[in-house]
Protein chains: 2
Amino acid sequence: MAAPIAEELAKKQQAISVAEFFEKNRQILGFDSAPRSLITTVKEAVDNSLDACEEADVLPDILVQIERADKDNLTVIVEDNGPGIVKKQIPKVFGKLLYGSRFHALKQSRGQQGIGISASVLYSQLTAGRPTKVISTIGHGLHAHYYELMINTSTNEPEILKDNIVDWDRPHGTRVELEIEASYVKGRRQSIFEYLKATAIVNPHARITLIEPDGNEVLFDRATDKLPVPSKEILPHPHGIELGTLMKMLRYTQRQRLGAFLRYSFTKIGLLTAEEICRAAGLDPETDPRSLTRDQAKKLLEAFKKVKIMSPPTDCLSPIGEDLIYKGLEKEFSVDFIATTTRTPSVFSGNPFVVEVGIAYGGNLGKDDRIEIMRFANRVPLLYQQGGCVTTHAVESIKWKQYGLNQPGGGIPTGSAVLLIHVASTNVPFTSESKDAIADIPEIKDEVELAIKEVSRKFNHYLTKQGSLKKRREKEIIITKVLPRMAAKLAETLEKDVPDINPVVAKIMGNLLVSRHIKKNGDGSADISIRVKNFGTRLHKFKMHEMVPYHITNVVPEPKVVTMGNDFDYIWEIGVSPDASKVLKYTVESLSDDEISRLPEIIVEGVEEEIVTGAKAIKGVI
Amino acid sequence: MAAPIAEELAKKQQAISVAEFFEKNRQILGFDSAPRSLITTVKEAVDNSLDACEEADVLPDILVQIERADKDNLTVIVEDNGPGIVKKQIPKVFGKLLYGSRFHALKQSRGQQGIGISASVLYSQLTAGRPTKVISTIGHGLHAHYYELMINTSTNEPEILKDNIVDWDRPHGTRVELEIEASYVKGRRQSIFEYLKATAIVNPHARITLIEPDGNEVLFDRATDKLPVPSKEILPHPHGIELGTLMKMLRYTQRQRLGAFLRYSFTKIGLLTAEEICRAAGLDPETDPRSLTRDQAKKLLEAFKKVKIMSPPTDCLSPIGEDLIYKGLEKEFSVDFIATTTRTPSVFSGNPFVVEVGIAYGGNLGKDDRIEIMRFANRVPLLYQQGGCVTTHAVESIKWKQYGLNQPGGGIPTGSAVLLIHVASTNVPFTSESKDAIADIPEIKDEVELAIKEVSRKFNHYLTKQGSLKKRREKEIIITKVLPRMAAKLAETLEKDVPDINPVVAKIMGNLLVSRHIKKNGDGSADISIRVKNFGTRLHKFKMHEMVPYHITNVVPEPKVVTMGNDFDYIWEIGVSPDASKVLKYTVESLSDDEISRLPEIIVEGVEEEIVTGAKAIKGVI
């Protein structure tokens, strides 16, 4: 039976061009629905613009314009002030899948696959049947070139429909215009507006102008004129490199000695390390690397693990940074608390990577919904495929209860928090060509978890503190309501003055008790002492202010004095241990009873309001 | 500034071979961790074997053997009795990415991308540095060919290391052996064992033998000798076809008239429909299709929507079927309730697809965890990327409360349920080449939601019924505790016999009341009547069994008699309307008081236990 069937089947066997493949599987490239197709197209174009500007050391000035083409179609125009593309490269950059400059370079960049914008060209011709229009000029008064092109999907080669010279007002840069089947949506995270907003947060050096289909113009202006430190291209790091990759490197090297091969093919291998590796592998550094067998290559690989090799350099990466993440979250959300971290770089399969995380809490964030996760890879916001991303899986694998958030049914916790996660690498391992989710690489998952736990510990510390302050406040309210009544009742019964209940309150609350005692001398002067007793369990350091309209003398200890109009602000810096007291003393030359009754409250600066009794507490820096 | 930079950048621009691309991005192919890499490899090989056997009309007999190669590596052997591969195709099938027979065919098959097994070959050489070993014979006493091959990643062409003729005991079939970096895990869903078990459920015609690394052998035997109806290749359906695809078809057609082009390029377009479409598009059926402009093609596309065209044929699909899903769930889980559905086929972008869903509930399934989702695409289990799959997104977008499951924090509901979802299509739109998740195509999401809602309604009906039965049971417990005491007290007070409270219970509960009345005749014989009164609100049909050790006479109506050892089982089939009664009568020739006291309970078969009073209820089939 079988022979004719195998022959029959053989007739159908054929090679598939990569363009045909993606024409049939455009969802893999991120073109699975009308709103997403628009975001994917804009994202690919903007990624290219930002990468190009950074490579040329230019502050990016990008225009994104979306116009209605017909009922189902939109026209997307993205224009930048980048270095431009030389004439003969334009057709291939836009009209050939798997073509690019960043694929083989080991450094952080947005584009890395050589698929991005040509995928949009493919989608445009598939859904709108139109060629893509490109203008580019490389400056120096050279011509601007205009192309109209499509992709021949059978060959994966560009088909040039027009090739002209045009006038263009940009001195250098690139403009791409595509018509695509897509829809423009507003008011949800998965939208052009939100994508550009998130892009602006992590690329504060870029100015992006959006013109919406209704003509509305939105400017995401740059927050800084400083370009991020450009990431540098590096050689592969020996840790985690695959045996097959090493064998390929050995086979195709120009070096004739193994020692030199190691030194010049890898980062962080110097003369001594190379020799040590050869020794550990039982190989002669003088051997021709091209002659190594598989088993010898394997020995070399094992030697990489035995010999101490320095961590990869980090200048191939360009993290956002803790400060910028803090500022970004602060600007985007109105919250009560923010914590951020940038981890030290790590390696997977020879690729350096770094994880950054920020958490924002409280304010007007929703309480009962699942927390929002903002994901970024190499400074690009990831809007789709959240459920398939290692960052989400890391969030889900954490026991959030211990950090104070509910996690009903497991999975993503609920509460009024936002989590920002950024993975930067020389090679972000995306789960698909649409670059919307990062694969479950164990090393990356571990780092994301550690980073989340780091900020969550800070967050939990904050929550606990808030919780105990809240409890104190409730306790104090009860005490300060009940005790005065009891005291008043007692005074009435015993026909005595109402006693000062502050000491009792301070004692019960474990507070700092501040009290001013005035002793009038016969001569109209008064000796004043201020006592501070710490009923709490930890040392308090703070500033004490006595703001009064007269000079004071005999002051012990000596305060700092600030003149404020007619008043003087006498300031003491004080530390009081648990259960200890401090007393400050001074004399006022003349103090009438009227003046005594009008003495202002003592001010304590740098201690939480809730733990001070008998004085006014203000926040401040200690 | 820019010109030299653009020139500099241009130097780095280059084409990337698809093999290089995936060498760098192997996680896209499903090789992101050691356990997953093993599953991906086995899956690709088994998919190929199953597809080949079905194409050749052979009952699949597949061997999967996993051996330990060294510390980090496993050897994977997959052997089938398929039609084999002709000699000259072997190197390309295994040693070239994007090469295959099923890519252009519009019919349901497991492989469709032309990437699968060659991806595993790539992964093997990358991680183990070894060639892949292939034996294949196409039968008829022809030689078996043995190859050792790798992929040249720069060119994406096979590199043949060995090419021999060998003896092989299979009359026809293929054997592939690869060494890969991987790990063998047990006891969790994402494992080879569970993958093969799930594969066996939806492919009951296959026999799969697994030999684990420790030598343990597991047989997943076939449950049927019937091959599934083979899916047939079809032409594209005009609905949802892209403008670009239509333009390409027009441009490359051999037909010289538009009418003929339409009839012979699409399914479900006949002579009349073709003419109608041309009329609606304002085009002459005699026009040369190759001369159509983009705008004319667009008119044609719009005409496809205006003219009534029959749904696509369904013989290109091979769904699992409601019964098989039922049996699969029943076999796999010990549960209380199962509901399944196979929807009618639908279309997205010209691709027919069908969705099937089964839900299983109760039994020993965990109560507090999130429900388990078993996903399948074209009869292949999907084990990874659950969070990124349209099926999961459909589950999450349902308000489960209305179907009786909790959904804390939104997302996947919790409860003791399993949901099986199968999407079958001529082109399953996977989110990546690893084929683990289906993209968010709106048409597919809608169908999955509808299918889930369909089974969930049945499920909810069951739950409601269970709930009301539970309430009845509670009510009855109270009644049957209180009433007898009241009755006993009353009897004591009135000095009378304790009355039979069954009629009262039945009346309050709205039950079926069954009672046996015995009238002794003077001659030692007895007339027995069995009364059934329906106090409920709906018709009950059931079987009534009187199992006694003697012959009965004068029976009205006539029962069925089954002899069981010394006993006879007299069986009446009865229907009783609400508020109606039925009486059965018979005579026993000799019945002593002792025998009367030992008369067994009457048995009612086919009515829920909770609604029967005075007899024993058993489940059964009515």
# chains A, B, ... in the order shown; residues from 1 in each chain; ligands from 1

$ residues_around --residues "range 128-136 of chain A" --least-positions-apart "5" --cutoff "7 Å" --atoms "only C-alpha atoms" --output "number ranges by chain"
A: 84-85, 121, 144-150, 173-181; B: 243-244, 294

$ residues_around --residues "range 335-352 of chain A" --least-positions-apart "5" --cutoff "9 Å" --atoms "only C-alpha atoms" --output "PyMOL selection string"
chain A and resi 106-107+236-242+311-314+316-317+319-323+325-326+329-330+357-365+417+420+424-428+441-444+447+450-452+454-456+458-459+462

$ closest_residue --among "A:Arg457, A:His545, A:Arg370, A:Lys507" --to "chain B" --atoms "only C-alpha atoms"
A:Arg370

$ atom_distance --atom1 "CA of Asp225 in chain A" --atom2 "CA of Ala45 in chain A"
22.2 Å

$ select_by_dssp --residues "range 117-334 of chain B" --states "strand (DSSP E or B)" --output "PyMOL selection string"
chain B and resi 132-137+144-152+157-166+173-181+207-211+217-220+234

$ atom_distance --atom1 "CA of Leu405 in chain A" --atom2 "CA of Thr392 in chain A"
15.9 Å
